[in-house]
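Asks: mmCIF, C-alpha atoms, file my_file-v5.cif:
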```
data_final
loop_
_atom_site.label_atom_id
_atom_site.label_comp_id
_atom_site.auth_asym_id
_atom_site.auth_seq_id
_atom_site.Cartn_x
_atom_site.Cartn_y
_atom_site.Cartn_z
CA MET P 13 97.87 93.75 37.54
CA ARG P 14 97.46 95.78 34.40
CA PHE P 15 99.08 98.87 32.91
CA ASN P 16 99.90 100.61 29.61
CA VAL P 17 103.38 101.87 28.69
CA PRO P 18 105.09 103.14 25.48
CA SER P 19 107.41 100.48 24.03
CA LYS P 20 110.36 102.76 23.26
CA LEU P 21 110.31 104.37 26.70
CA LEU P 22 110.23 100.95 28.33
CA LEU P 23 113.06 99.67 26.13
CA SER P 24 115.20 102.71 26.91
CA ARG P 25 114.77 102.28 30.67
CA LEU P 26 115.30 98.50 30.54
CA ASN P 27 118.52 99.01 28.58
CA GLY P 28 119.69 101.33 31.34
CA VAL P 29 118.70 99.02 34.20
CA SER P 30 120.20 95.96 32.47
CA LYS P 31 123.69 97.43 32.97
CA ALA P 32 123.50 96.46 36.64
CA ILE P 33 122.69 92.82 35.88
CA GLY P 34 125.57 90.36 35.66
CA THR P 35 126.42 89.12 32.16
CA GLY P 36 127.76 85.76 33.39
CA LYS P 37 126.22 83.25 35.75
CA ASN P 38 124.49 85.10 38.56
CA ALA P 39 124.61 83.91 42.16
CA TYR P 40 120.81 83.47 42.08
CA ALA P 41 118.65 82.67 39.06
CA ILE P 42 116.20 85.42 40.04
CA LEU P 43 118.94 87.96 39.23
CA ASP P 44 118.60 87.06 35.55
CA ASN P 45 115.35 89.01 35.71
CA PHE P 46 114.05 92.54 35.95
CA LEU P 47 111.88 93.21 38.98
CA PHE P 48 108.65 95.01 38.01
CA VAL P 49 106.73 96.60 40.89
CA LEU P 50 103.44 98.38 40.18
CA ASP P 51 102.40 100.92 42.78
CA GLY P 52 99.55 103.15 41.65
CA ASP P 53 100.61 104.81 38.40
CA ASN P 54 104.29 104.15 39.06
CA LEU P 55 106.09 101.18 37.55
CA VAL P 56 109.37 100.66 39.41
CA ILE P 57 111.91 98.51 37.53
CA THR P 58 115.03 97.11 39.22
CA GLY P 59 118.11 95.21 38.09
CA SER P 60 120.83 93.90 40.40
CA ASP P 61 123.84 91.62 40.74
CA LEU P 62 123.73 91.88 44.58
CA GLU P 63 126.67 94.32 44.68
CA THR P 64 125.08 96.93 42.39
CA ARG P 65 121.39 97.82 42.22
CA LEU P 66 119.84 100.10 39.57
CA THR P 67 116.23 101.29 39.68
CA THR P 68 114.07 103.45 37.43
CA THR P 69 110.46 104.61 37.70
CA ILE P 70 108.05 105.05 34.79
CA VAL P 71 104.64 106.71 35.07
CA VAL P 72 102.20 104.33 33.35
CA SER P 73 98.56 104.76 32.32
CA GLU P 74 95.37 102.83 33.01
CA ALA P 75 97.03 101.03 35.91
CA GLU P 76 94.98 98.47 37.81
CA GLY P 77 96.05 96.63 40.93
CA THR P 78 99.41 96.50 42.67
CA GLY P 79 102.07 93.84 42.98
CA GLN P 80 105.39 92.62 41.69
CA VAL P 81 106.72 90.17 39.11
CA ALA P 82 110.19 89.21 37.84
CA LEU P 83 110.65 89.07 34.04
CA ASP P 84 113.55 87.52 32.14
CA VAL P 85 116.08 90.14 31.02
CA ARG P 86 117.07 88.68 27.65
CA ARG P 87 113.50 87.81 26.69
CA MET P 88 112.15 91.26 27.54
CA LEU P 89 114.92 93.08 25.68
CA SER P 90 114.55 90.81 22.65
CA ILE P 91 110.79 91.43 22.49
CA LEU P 92 111.05 95.19 22.81
CA LYS P 93 113.86 95.54 20.25
CA GLU P 94 111.61 93.98 17.60
CA LEU P 95 108.66 96.26 18.26
CA PRO P 96 108.02 99.65 16.65
CA ASP P 97 107.27 102.66 18.81
CA THR P 98 103.84 101.61 19.99
CA ALA P 99 101.61 101.35 23.04
CA LEU P 100 101.91 98.17 25.09
CA THR P 101 99.43 96.73 27.53
CA PHE P 102 100.71 94.40 30.26
CA ASN P 103 98.26 92.00 31.88
CA ILE P 104 99.77 89.95 34.74
CA ASN P 105 97.81 87.14 36.38
CA ASP P 106 98.36 87.69 40.10
CA GLU P 107 98.06 83.98 40.88
CA THR P 108 99.97 82.26 38.03
CA LEU P 109 102.21 85.24 37.13
CA ALA P 110 101.48 84.61 33.46
CA VAL P 111 102.20 87.80 31.53
CA LYS P 112 100.38 88.87 28.36
CA ILE P 113 101.89 91.80 26.46
CA THR P 114 99.54 93.13 23.79
CA TYR P 115 100.10 95.73 21.07
CA PRO P 116 97.91 96.86 18.15
CA ASN P 117 98.80 93.95 15.85
CA GLY P 118 99.62 91.11 18.19
CA GLU P 119 100.59 89.83 21.59
CA PHE P 120 103.35 88.02 23.52
CA ASN P 121 102.77 85.53 26.31
CA ILE P 122 105.58 84.85 28.78
CA ALA P 123 105.94 83.41 32.26
CA GLY P 124 106.91 85.59 35.20
CA LEU P 125 108.49 84.69 38.53
CA ASP P 126 107.53 85.69 42.04
CA GLY P 127 109.00 89.13 42.68
CA ALA P 128 109.11 88.41 46.41
CA ASP P 129 112.17 86.24 45.75
CA TYR P 130 114.12 89.22 44.42
CA PRO P 131 116.84 90.44 46.84
CA ALA P 132 115.65 93.38 48.91
CA LYS P 133 117.46 96.68 49.06
CA LEU P 134 119.90 97.05 51.94
CA ILE P 135 118.60 98.87 55.00
CA ALA P 136 120.28 102.26 55.18
CA THR P 137 122.31 103.17 58.28
CA GLY P 138 124.38 106.21 59.17
CA ILE P 139 123.41 108.27 56.15
CA LYS P 140 125.31 111.39 55.04
CA THR P 141 123.81 113.28 52.13
CA PHE P 142 124.91 115.92 49.64
CA SER P 143 124.34 116.70 45.98
CA LEU P 144 126.49 117.49 42.96
CA PRO P 145 125.70 118.58 39.40
CA GLU P 146 125.79 115.73 36.88
CA LYS P 147 128.76 117.26 35.06
CA ASN P 148 130.87 117.32 38.25
CA ILE P 149 130.49 113.59 38.89
CA ALA P 150 130.87 112.77 35.20
CA SER P 151 134.10 114.76 35.03
CA GLY P 152 135.49 113.14 38.18
CA LEU P 153 134.79 109.62 36.96
CA GLN P 154 135.83 110.26 33.36
CA ARG P 155 139.18 111.72 34.41
CA THR P 156 140.08 108.77 36.61
CA ILE P 157 138.35 105.56 35.57
CA PHE P 158 140.85 104.75 32.80
CA ALA P 159 143.55 104.24 35.43
CA VAL P 160 141.60 101.78 37.61
CA GLY P 161 143.41 98.48 38.14
CA ASN P 162 142.06 94.99 37.42
CA ASP P 163 144.35 92.90 39.64
CA LYS P 164 142.04 90.99 41.99
CA THR P 165 144.86 90.57 44.49
CA HIS P 166 144.66 94.35 45.06
CA VAL P 167 140.91 94.91 45.30
CA MET P 168 141.32 98.43 46.63
CA PHE P 169 142.80 99.45 43.25
CA MET P 170 139.76 98.10 41.37
CA GLY P 171 137.70 101.25 41.74
CA VAL P 172 137.63 105.03 41.94
CA TYR P 173 138.51 106.44 45.34
CA TRP P 174 136.37 109.36 46.52
CA ASP P 175 138.22 111.44 49.12
CA ILE P 176 135.52 113.79 50.37
CA MET P 177 136.50 116.94 52.27
CA PRO P 178 134.36 119.85 53.47
CA ASP P 179 135.55 122.14 50.66
CA MET P 180 136.41 119.74 47.82
CA ILE P 181 136.25 116.20 46.45
CA VAL P 182 139.36 114.38 45.25
CA TYR P 183 138.87 111.50 42.81
CA VAL P 184 141.79 109.05 42.64
CA ALA P 185 142.52 105.92 40.60
CA THR P 186 145.63 103.81 40.17
CA ASP P 187 146.75 100.48 38.77
CA SER P 188 150.20 100.93 40.37
CA HIS P 189 151.65 102.08 37.01
CA ILE P 190 149.51 105.21 36.60
CA LEU P 191 148.02 107.32 39.37
CA VAL P 192 145.41 109.99 38.64
CA ARG P 193 144.49 112.63 41.20
CA TYR P 194 141.68 114.96 40.23
CA LYS P 195 140.66 117.70 42.66
CA GLN P 196 137.28 119.38 42.29
CA THR P 197 137.12 122.52 44.41
CA THR P 198 133.69 123.56 43.12
CA ALA P 199 132.21 120.70 45.17
CA THR P 200 131.64 121.56 48.85
CA PRO P 201 130.05 118.60 50.68
CA GLY P 202 130.64 120.15 54.09
CA PHE P 203 131.93 116.98 55.77
CA GLU P 204 134.71 114.40 55.56
CA SER P 205 134.32 110.87 54.25
CA SER P 206 135.87 108.47 51.77
CA PHE P 207 135.03 105.29 49.87
CA ILE P 208 136.19 103.11 46.98
CA MET P 209 133.54 102.90 44.25
CA PRO P 210 133.97 99.65 42.27
CA THR P 211 134.59 99.90 38.54
CA LYS P 212 131.24 98.48 37.40
CA PRO P 213 128.92 100.93 39.20
CA ALA P 214 131.31 103.78 38.35
CA GLN P 215 131.01 102.91 34.65
CA ILE P 216 127.23 102.56 34.94
CA LEU P 217 126.84 105.91 36.70
CA LEU P 218 129.07 107.60 34.13
CA SER P 219 126.95 106.19 31.30
CA LEU P 220 123.75 107.58 32.88
CA LEU P 221 125.00 111.12 33.42
CA ASP P 222 124.80 114.10 31.10
CA LYS P 223 128.47 115.08 30.76
CA ASN P 224 127.50 118.77 30.56
CA GLY P 225 124.39 118.59 32.72
CA GLU P 226 123.65 120.91 35.61
CA ALA P 227 120.88 118.74 37.10
CA PRO P 228 121.66 117.77 40.69
CA VAL P 229 122.49 114.20 41.66
CA SER P 230 121.54 113.33 45.23
CA ILE P 231 124.20 111.21 46.96
CA GLN P 232 123.57 109.22 50.12
CA LEU P 233 126.60 107.73 51.85
CA GLU P 234 126.04 104.82 54.17
CA GLU P 235 128.49 102.72 56.15
CA LYS P 236 129.21 100.22 53.37
CA SER P 237 127.38 101.56 50.34
CA ALA P 238 126.28 104.66 48.45
CA THR P 239 123.16 105.64 46.54
CA PHE P 240 123.15 108.06 43.60
CA GLU P 241 119.78 109.43 42.53
CA THR P 242 119.35 111.14 39.15
CA GLU P 243 116.14 112.32 37.53
CA ASP P 244 115.47 108.91 35.93
CA TYR P 245 117.58 106.36 37.83
CA THR P 246 118.68 105.39 41.33
CA LEU P 247 121.99 103.50 41.58
CA SER P 248 123.12 101.79 44.78
CA CYS P 249 126.48 100.06 45.16
CA ARG P 250 128.57 98.46 47.85
CA PHE P 251 132.04 99.82 48.54
CA HIS P 252 135.24 97.88 48.05
CA ASN P 253 136.80 96.90 51.36
CA GLY P 254 140.37 97.87 52.17
CA ARG P 255 142.40 100.95 52.97
CA TYR P 256 143.32 103.06 49.97
CA PRO P 257 147.03 103.99 49.79
CA ARG P 258 148.15 107.45 50.83
CA TYR P 259 148.17 108.79 47.30
CA ASN P 260 149.67 112.20 48.12
CA SER P 261 152.77 110.59 49.61
CA VAL P 262 153.86 109.13 46.24
CA ILE P 263 153.61 112.46 44.39
CA PRO P 264 156.99 114.24 44.45
CA GLU P 265 156.90 117.89 45.46
CA ASN P 266 160.23 119.22 44.19
CA VAL P 267 160.51 118.45 40.48
CA PRO P 268 163.35 120.32 38.77
CA TYR P 269 162.67 119.73 35.06
CA VAL P 270 159.59 120.72 33.07
CA VAL P 271 158.77 119.92 29.45
CA THR P 272 156.02 121.84 27.65
CA VAL P 273 154.71 120.17 24.50
CA ASP P 274 151.68 120.43 22.22
CA ARG P 275 149.33 117.64 23.29
CA LEU P 276 147.95 116.70 19.87
CA SER P 277 151.41 116.74 18.26
CA LEU P 278 152.77 114.38 20.91
CA GLU P 279 149.71 112.12 20.76
CA SER P 280 149.81 111.90 16.94
CA ALA P 281 153.52 111.09 16.87
CA LEU P 282 153.08 108.51 19.59
CA ARG P 283 150.31 106.79 17.63
CA ARG P 284 152.53 106.55 14.56
CA VAL P 285 155.63 105.14 16.21
CA SER P 286 153.49 102.77 18.29
CA VAL P 287 152.62 100.86 15.13
CA LEU P 288 156.07 99.23 15.32
CA ALA P 289 156.35 98.95 19.09
CA SER P 290 157.15 95.61 20.72
CA ALA P 291 154.49 93.53 22.43
CA GLY P 292 155.33 95.24 25.73
CA GLY P 293 154.54 98.64 24.23
CA LEU P 294 157.85 100.29 25.19
CA ILE P 295 158.32 103.79 23.76
CA GLN P 296 161.61 105.57 24.32
CA LEU P 297 161.49 109.35 24.83
CA LYS P 298 164.79 111.12 24.31
CA ILE P 299 164.26 114.58 25.76
CA ASP P 300 166.70 117.34 24.87
CA THR P 301 166.69 121.10 24.41
CA GLY P 302 163.71 121.96 22.21
CA SER P 303 162.77 118.43 21.14
CA ILE P 304 161.44 115.00 22.13
CA GLU P 305 162.54 112.07 19.99
CA LEU P 306 160.13 109.13 20.19
CA THR P 307 161.46 105.70 19.29
CA ALA P 308 159.80 102.29 19.15
CA GLN P 309 161.36 99.04 18.08
CA ASP P 310 160.55 95.35 17.92
CA ILE P 311 163.77 93.36 17.89
CA ASP P 312 161.96 90.09 17.21
CA HIS P 313 160.59 91.43 13.93
CA ALA P 314 163.51 93.78 13.07
CA THR P 315 161.27 96.87 12.92
CA ALA P 316 161.67 100.36 14.34
CA ALA P 317 160.15 103.83 14.10
CA THR P 318 161.37 107.29 15.12
CA GLU P 319 159.74 110.72 15.12
CA THR P 320 160.70 114.05 16.64
CA VAL P 321 158.33 116.55 18.23
CA THR P 322 159.30 120.10 19.16
CA CYS P 323 158.93 121.16 22.77
CA ASP P 324 159.97 123.80 25.26
CA TYR P 325 162.72 122.33 27.45
CA ASN P 326 166.03 123.65 28.72
CA GLY P 327 167.00 121.03 31.30
CA VAL P 328 169.56 118.26 31.22
CA PRO P 329 169.11 115.68 28.44
CA MET P 330 167.48 112.44 29.57
CA THR P 331 166.05 109.30 28.02
CA MET P 332 162.98 107.65 29.51
CA GLY P 333 160.80 104.67 28.63
CA PHE P 334 157.02 104.58 28.93
CA ASN P 335 154.27 102.19 27.91
CA ASN P 336 152.72 103.58 24.74
CA GLN P 337 149.10 102.80 25.65
CA ASN P 338 149.51 104.34 29.10
CA VAL P 339 150.81 107.60 27.64
CA LEU P 340 148.01 107.67 25.05
CA ASP P 341 145.44 107.18 27.81
CA VAL P 342 147.01 110.02 29.77
CA LEU P 343 146.99 112.41 26.80
CA ARG P 344 143.36 111.58 25.95
CA ASN P 345 142.33 112.60 29.46
CA ILE P 346 144.03 115.99 29.33
CA ASP P 347 142.03 118.56 27.39
CA SER P 348 144.38 121.54 27.30
CA GLU P 349 146.29 122.40 24.11
CA SER P 350 149.66 121.93 25.80
CA VAL P 351 150.87 119.38 28.33
CA LEU P 352 153.45 119.85 31.07
CA ILE P 353 155.68 116.85 31.81
CA LYS P 354 157.57 117.22 35.07
CA LEU P 355 160.65 115.05 35.51
CA ILE P 356 163.28 114.29 38.13
CA ASP P 357 165.40 111.59 36.48
CA PRO P 358 164.83 108.65 34.10
CA ALA P 359 164.23 106.20 36.96
CA ARG P 360 161.55 108.28 38.67
CA ALA P 361 157.90 108.72 37.74
CA GLY P 362 156.91 111.48 35.36
CA ILE P 363 154.10 113.90 36.20
CA PHE P 364 151.70 114.89 33.41
CA LEU P 365 149.63 118.06 33.85
CA PRO P 366 147.45 120.24 31.63
CA ALA P 367 149.27 123.50 30.89
CA GLU P 368 146.04 125.28 31.79
CA GLN P 369 143.77 123.82 34.46
CA GLN P 370 140.02 124.30 34.15
CA PRO P 371 138.42 126.61 36.78
CA GLY P 372 137.82 124.74 40.01
CA GLU P 373 139.83 121.71 38.86
CA ASP P 374 143.32 120.34 39.52
CA LEU P 375 144.34 117.31 37.45
CA LEU P 376 147.61 115.45 38.01
CA ILE P 377 148.66 112.15 36.44
CA LEU P 378 151.70 110.26 37.70
CA GLN P 379 153.20 107.64 35.38
CA MET P 380 155.89 105.13 36.24
CA PRO P 381 158.67 104.68 33.66
CA MET P 382 159.76 101.45 32.00
CA MET P 383 163.32 100.24 31.81
CA VAL P 384 164.95 101.36 28.56
#
```
So that I can check it, write out the structure of this file as structure tokens.

Replies:
Amino acid sequence: MRFNVPSKLLLSRLNGVSKAIGTGKNAYAILDNFLFVLDGDNLVITGSDLETRLTTTIVVSEAEGTGQVALDVRRMLSILKELPDTALTFNINDETLAVKITYPNGEFNIAGLDGADYPAKLIATGIKTFSLPEKNIASGLQRTIFAVGNDKTHVMFMGVYWDIMPDMIVYVATDSHILVRYKQTTATPGFESSFIMPTKPAQILLSLLDKNGEAPVSIQLEEKSATFETEDYTLSCRFHNGRYPRYNSVIPENVPYVVTVDRLSLESALRRVSVLASAGGLIQLKIDTGSIELTAQDIDHATAATETVTCDYNGVPMTMGFNNQNVLDVLRNIDSESVLIKLIDPARAGIFLPAEQQPGEDLLILQMPMMV
């Protein structure tokens, strides 16, 4: 086999594909490699950890022959990072799989492995297809992924739940302390389905998408996996097993008290008082008419901090405790100028909402309190 390819283009695509490859010890040594498949003028490059598979296709020049070879991930990335933007020629011996990479001033010689040993893609069954603009998927994942859990005893929480309905998609994530529900009514798949997308492929897909892009992403849903096809990459991932909790049932409907507060003012004050918070991150919010008093203290080190933020509130006074990092994460994922905090009593979860929802979107974040 032989082909020419620009070094920077190849490096860019290999960096993308490498995100699917495990960073620790892989189940099979072959998974420490990229799979290169030459088919005509198309070079198809794949990376996988068995659960997630990421593929990209590059149009190469002066291609000769067809075939496949597996090349070490770390070695290939190290070589390409040291090269300037230049033309590369790959010559692969079909019998020995010896690989010679030449460029204007030199060459590299490395050993390849038999690409036939690379795990094959799963055979698709029961496919349902639809497409969404890049920005829709990016928004859905970005709004929810911060709340995904990492407790391996609750695998169903270790991913973003896609609740697909004919006239909308609801993205949900929870770690049992925070629950995010993000409705996207501009998406109209036309059928019902649901799946739990594990954290790793969700993060990879998010990193590949243009956050403001209108380009369509083709989505194929199979019985146990999904495939997302963008202009440059194709990502396939297995679903997490397990039944996702009935998320709507934990969201209270009748909430009597509403606080309206400037988001940046609350976030800035929270950052300052958090400097002296205890290891558990407890922040006390004393909510009264027209103000929120934030207090943090660390009894072990005899430190404390207090700051007051103005707000719009005319309900009964109450004092609640929240984890500082959780509240900061919530505020970062709300992009309106003001935030609504809906409350029932200090022992019940608080609901955080943007004061103004974006068109076609409905974001709700439920946060459990801490004992004060």

Asks: Run the PyMOL selection byres ((chain P and resi 131-148) around 7) mentally over the shown coordinates, then write out the matched residues as a PyMOL selection string, using the chain letters and numbers from the document.

Replies: chain P and resi 129-130+149-152+199+201+221-235

Asks: Considering only C-alpha atoms, return as a list in words whatever protein or nucleic-acid residues lie within 6 Å of range 185-187 of chain P, sequence-local ones (same chain, fewer than 3 positions apart) excluded.

Replies: Thr156, Ala159, Val160, Gly161, Val172, Ile190, Leu191 and Val192 of chain P

Asks: One decimal, Å: what's the distance from CA of Lys31 in chain P over to CA of Lys236 in chain P, could you say?

Replies: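 Between CA of Lys31 in chain P and CA of Lys236 in chain P the gap works out to 21.3 Å.
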
Asks: Report the residues retrieved by the PyMOL selection byres ((chain P and resi 104-121) around 10) from the displayed file, expressed as a count of residues only.

Replies: 28

Asks: For a quick check of understanding, using all atoms listed in the file, which of P:Ser237, P:Thr200, P:Asn45, P:Asn253 has the smallest distance to Val167 in chain P?

Replies: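 Of P:Ser237, P:Thr200, P:Asn45, P:Asn253, the one nearest Val167 in chain P is P:Asn253, counting all atoms listed in the file.
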
Asks: State, in Å with one decimal place, the distance from CA of Ala32 in chain P to CA of Ile208 in chain P.

Replies: 17.7 Å

Asks: Any idea what the distance is between CA of Gly333 in chain P and CA of Leu278 in chain P?

Replies: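 Atom-to-atom, CA of Gly333 in chain P to CA of Leu278 in chain P, that is 14.8 Å.
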
Asks: Translate the PyMOL selection byres ((chain P and resi 322) around 12), as applied to the file shown, into an explicit residue set as a PDB file with C-alpha atoms, keeping the file's coordinate frame.

Replies:
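Done, and the output landed in out-v9.pdb:
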```pdb
ATOM      1  CA  VAL P 271     158.770 119.920  29.450  1.00  0.00           C
ATOM      2  CA  THR P 272     156.020 121.840  27.650  1.00  0.00           C
ATOM      3  CA  VAL P 273     154.710 120.170  24.500  1.00  0.00           C
ATOM      4  CA  ASP P 274     151.680 120.430  22.220  1.00  0.00           C
ATOM      5  CA  ARG P 275     149.330 117.640  23.290  1.00  0.00           C
ATOM      6  CA  LEU P 276     147.950 116.700  19.870  1.00  0.00           C
ATOM      7  CA  SER P 277     151.410 116.740  18.260  1.00  0.00           C
ATOM      8  CA  LEU P 278     152.770 114.380  20.910  1.00  0.00           C
ATOM      9  CA  ALA P 281     153.520 111.090  16.870  1.00  0.00           C
ATOM     10  CA  LYS P 298     164.790 111.120  24.310  1.00  0.00           C
ATOM     11  CA  ILE P 299     164.260 114.580  25.760  1.00  0.00           C
ATOM     12  CA  ASP P 300     166.700 117.340  24.870  1.00  0.00           C
ATOM     13  CA  THR P 301     166.690 121.100  24.410  1.00  0.00           C
ATOM     14  CA  GLY P 302     163.710 121.960  22.210  1.00  0.00           C
ATOM     15  CA  SER P 303     162.770 118.430  21.140  1.00  0.00           C
ATOM     16  CA  ILE P 304     161.440 115.000  22.130  1.00  0.00           C
ATOM     17  CA  GLU P 305     162.540 112.070  19.990  1.00  0.00           C
ATOM     18  CA  LEU P 306     160.130 109.130  20.190  1.00  0.00           C
ATOM     19  CA  GLU P 319     159.740 110.720  15.120  1.00  0.00           C
ATOM     20  CA  THR P 320     160.700 114.050  16.640  1.00  0.00           C
ATOM     21  CA  VAL P 321     158.330 116.550  18.230  1.00  0.00           C
ATOM     22  CA  CYS P 323     158.930 121.160  22.770  1.00  0.00           C
ATOM     23  CA  ASP P 324     159.970 123.800  25.260  1.00  0.00           C
ATOM     24  CA  TYR P 325     162.720 122.330  27.450  1.00  0.00           C
ATOM     25  CA  SER P 350     149.660 121.930  25.800  1.00  0.00           C
TER      26      SER P 350
END
```

Asks: Mind checking which residues fall within 9 Å of Leu43 in chain P, counting all atoms listed in the file, ignoring those fewer than 3 positions away in the same chain, and posting them as a list of chain:residue names?

Replies: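 What passes the distance filter is P:Ile33, P:Gly34, P:Asn38, P:Ala39, P:Tyr40, P:Phe46, P:Leu47, P:Gly59, P:Ser60, P:Asp61, P:Leu62, P:Ala82, P:Asp84, P:Val85, P:Tyr130, P:Pro131.
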
Asks: Here is a test: counting all atoms listed in the file, which residue of P:Gln154, P:Gly292, P:Leu21, P:Ala316 is nearest to Gln215 in chain P?

Replies: P:Gln154

Asks: Using only C-alpha atoms, which of P:Gln370, P:Asn336, P:Ser219, P:Ser24 sits nearest Lys195 in chain P?

Replies: P:Gln370

Asks: Ranking P:Asp97, P:Asp310, P:Asp341, P:Glu265 by minimum distance to Lys354 in chain P and counting all atoms listed in the file, which one comes first?

Replies: P:Glu265

Asks: Leaving out Asp53 in chain P and any residue of its chain fewer than 2 positions from it, which residues lie within 8 Å of it when counting only C-alpha atoms, given as a list of chain:residue names?

Replies: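 Answer for this query is P:Leu50, P:Asp51, P:Leu55, P:Val71, P:Val72, P:Ser73, P:Glu74, P:Ala75.
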
Asks: Which is closer to Ser261 in chain P than all the others in P:Met332, P:Leu378, P:Leu89, P:Met383, using all atoms listed in the file?

Replies: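 The shortest atom-to-atom distance to Ser261 in chain P comes from P:Leu378.
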
Asks: I'd like the neighbourhood of Ile346 in chain P as a list in words, where a residue qualifies if any of its atoms comes within 10 Å (using all atoms listed in the file), though same-chain residues fewer than 4 positions away should be ignored.

Replies: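 Contacts, with the query itself left out: Arg155, Arg275, Asp341, Val342, Ser350, Val351, Phe364, Leu365, Pro366, Ala367, Glu368, Gln369, Leu375, Leu376 and Ile377 of chain P.
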
Asks: With distances taken over only C-alpha atoms, which residue among P:Val339, P:Ala291, P:Met177, P:Ala214 lies nearest Thr197 in chain P?

Replies: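 Using only C-alpha atoms, Thr197 in chain P sits closest to P:Met177.
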
Asks: Export range 24-29 of chain P, all heavy atoms, as a PDB file, in the first residue's frame; it's the structure right above.

Replies:
```
ATOM      1  N   SER P  24      -4.378  16.204  13.007  1.00  0.00           N
ATOM      2  CA  SER P  24      -5.659  16.691  13.522  1.00  0.00           C
ATOM      3  C   SER P  24      -6.672  15.558  13.641  1.00  0.00           C
ATOM      4  O   SER P  24      -7.350  15.416  14.671  1.00  0.00           O
ATOM      5  CB  SER P  24      -6.205  17.785  12.596  1.00  0.00           C
ATOM      6  OG  SER P  24      -7.511  18.170  12.977  1.00  0.00           O
ATOM      7  N   ARG P  25      -6.753  14.726  12.607  1.00  0.00           N
ATOM      8  CA  ARG P  25      -7.738  13.629  12.639  1.00  0.00           C
ATOM      9  C   ARG P  25      -7.329  12.553  13.640  1.00  0.00           C
ATOM     10  O   ARG P  25      -8.187  11.976  14.325  1.00  0.00           O
ATOM     11  CB  ARG P  25      -7.880  13.033  11.248  1.00  0.00           C
ATOM     12  CG  ARG P  25      -8.447  14.001  10.216  1.00  0.00           C
ATOM     13  CD  ARG P  25      -9.873  14.445  10.553  1.00  0.00           C
ATOM     14  NE  ARG P  25     -10.392  15.326   9.541  1.00  0.00           N
ATOM     15  CZ  ARG P  25     -11.017  14.928   8.436  1.00  0.00           C
ATOM     16  NH1 ARG P  25     -11.201  13.631   8.221  1.00  0.00           N
ATOM     17  NH2 ARG P  25     -11.459  15.797   7.558  1.00  0.00           N
ATOM     18  N   LEU P  26      -6.026  12.272  13.761  1.00  0.00           N
ATOM     19  CA  LEU P  26      -5.594  11.270  14.731  1.00  0.00           C
ATOM     20  C   LEU P  26      -5.838  11.741  16.160  1.00  0.00           C
ATOM     21  O   LEU P  26      -6.198  10.949  17.034  1.00  0.00           O
ATOM     22  CB  LEU P  26      -4.113  10.934  14.544  1.00  0.00           C
ATOM     23  CG  LEU P  26      -3.728  10.171  13.278  1.00  0.00           C
ATOM     24  CD1 LEU P  26      -2.251   9.788  13.319  1.00  0.00           C
ATOM     25  CD2 LEU P  26      -4.583   8.941  13.074  1.00  0.00           C
ATOM     26  N   ASN P  27      -5.650  13.032  16.406  1.00  0.00           N
ATOM     27  CA  ASN P  27      -5.959  13.579  17.733  1.00  0.00           C
ATOM     28  C   ASN P  27      -7.427  13.372  18.062  1.00  0.00           C
ATOM     29  O   ASN P  27      -7.788  13.055  19.196  1.00  0.00           O
ATOM     30  CB  ASN P  27      -5.603  15.056  17.795  1.00  0.00           C
ATOM     31  CG  ASN P  27      -4.145  15.294  18.114  1.00  0.00           C
ATOM     32  OD1 ASN P  27      -3.519  14.518  18.826  1.00  0.00           O
ATOM     33  ND2 ASN P  27      -3.585  16.377  17.595  1.00  0.00           N
ATOM     34  N   GLY P  28      -8.283  13.580  17.064  1.00  0.00           N
ATOM     35  CA  GLY P  28      -9.708  13.368  17.286  1.00  0.00           C
ATOM     36  C   GLY P  28     -10.028  11.913  17.573  1.00  0.00           C
ATOM     37  O   GLY P  28     -10.689  11.581  18.555  1.00  0.00           O
ATOM     38  N   VAL P  29      -9.532  11.018  16.733  1.00  0.00           N
ATOM     39  CA  VAL P  29      -9.821   9.585  16.869  1.00  0.00           C
ATOM     40  C   VAL P  29      -9.237   9.021  18.157  1.00  0.00           C
ATOM     41  O   VAL P  29      -9.822   8.112  18.778  1.00  0.00           O
ATOM     42  CB  VAL P  29      -9.286   8.828  15.637  1.00  0.00           C
ATOM     43  CG1 VAL P  29      -9.349   7.322  15.858  1.00  0.00           C
ATOM     44  CG2 VAL P  29     -10.089   9.205  14.401  1.00  0.00           C
TER      45      VAL P  29
END
```
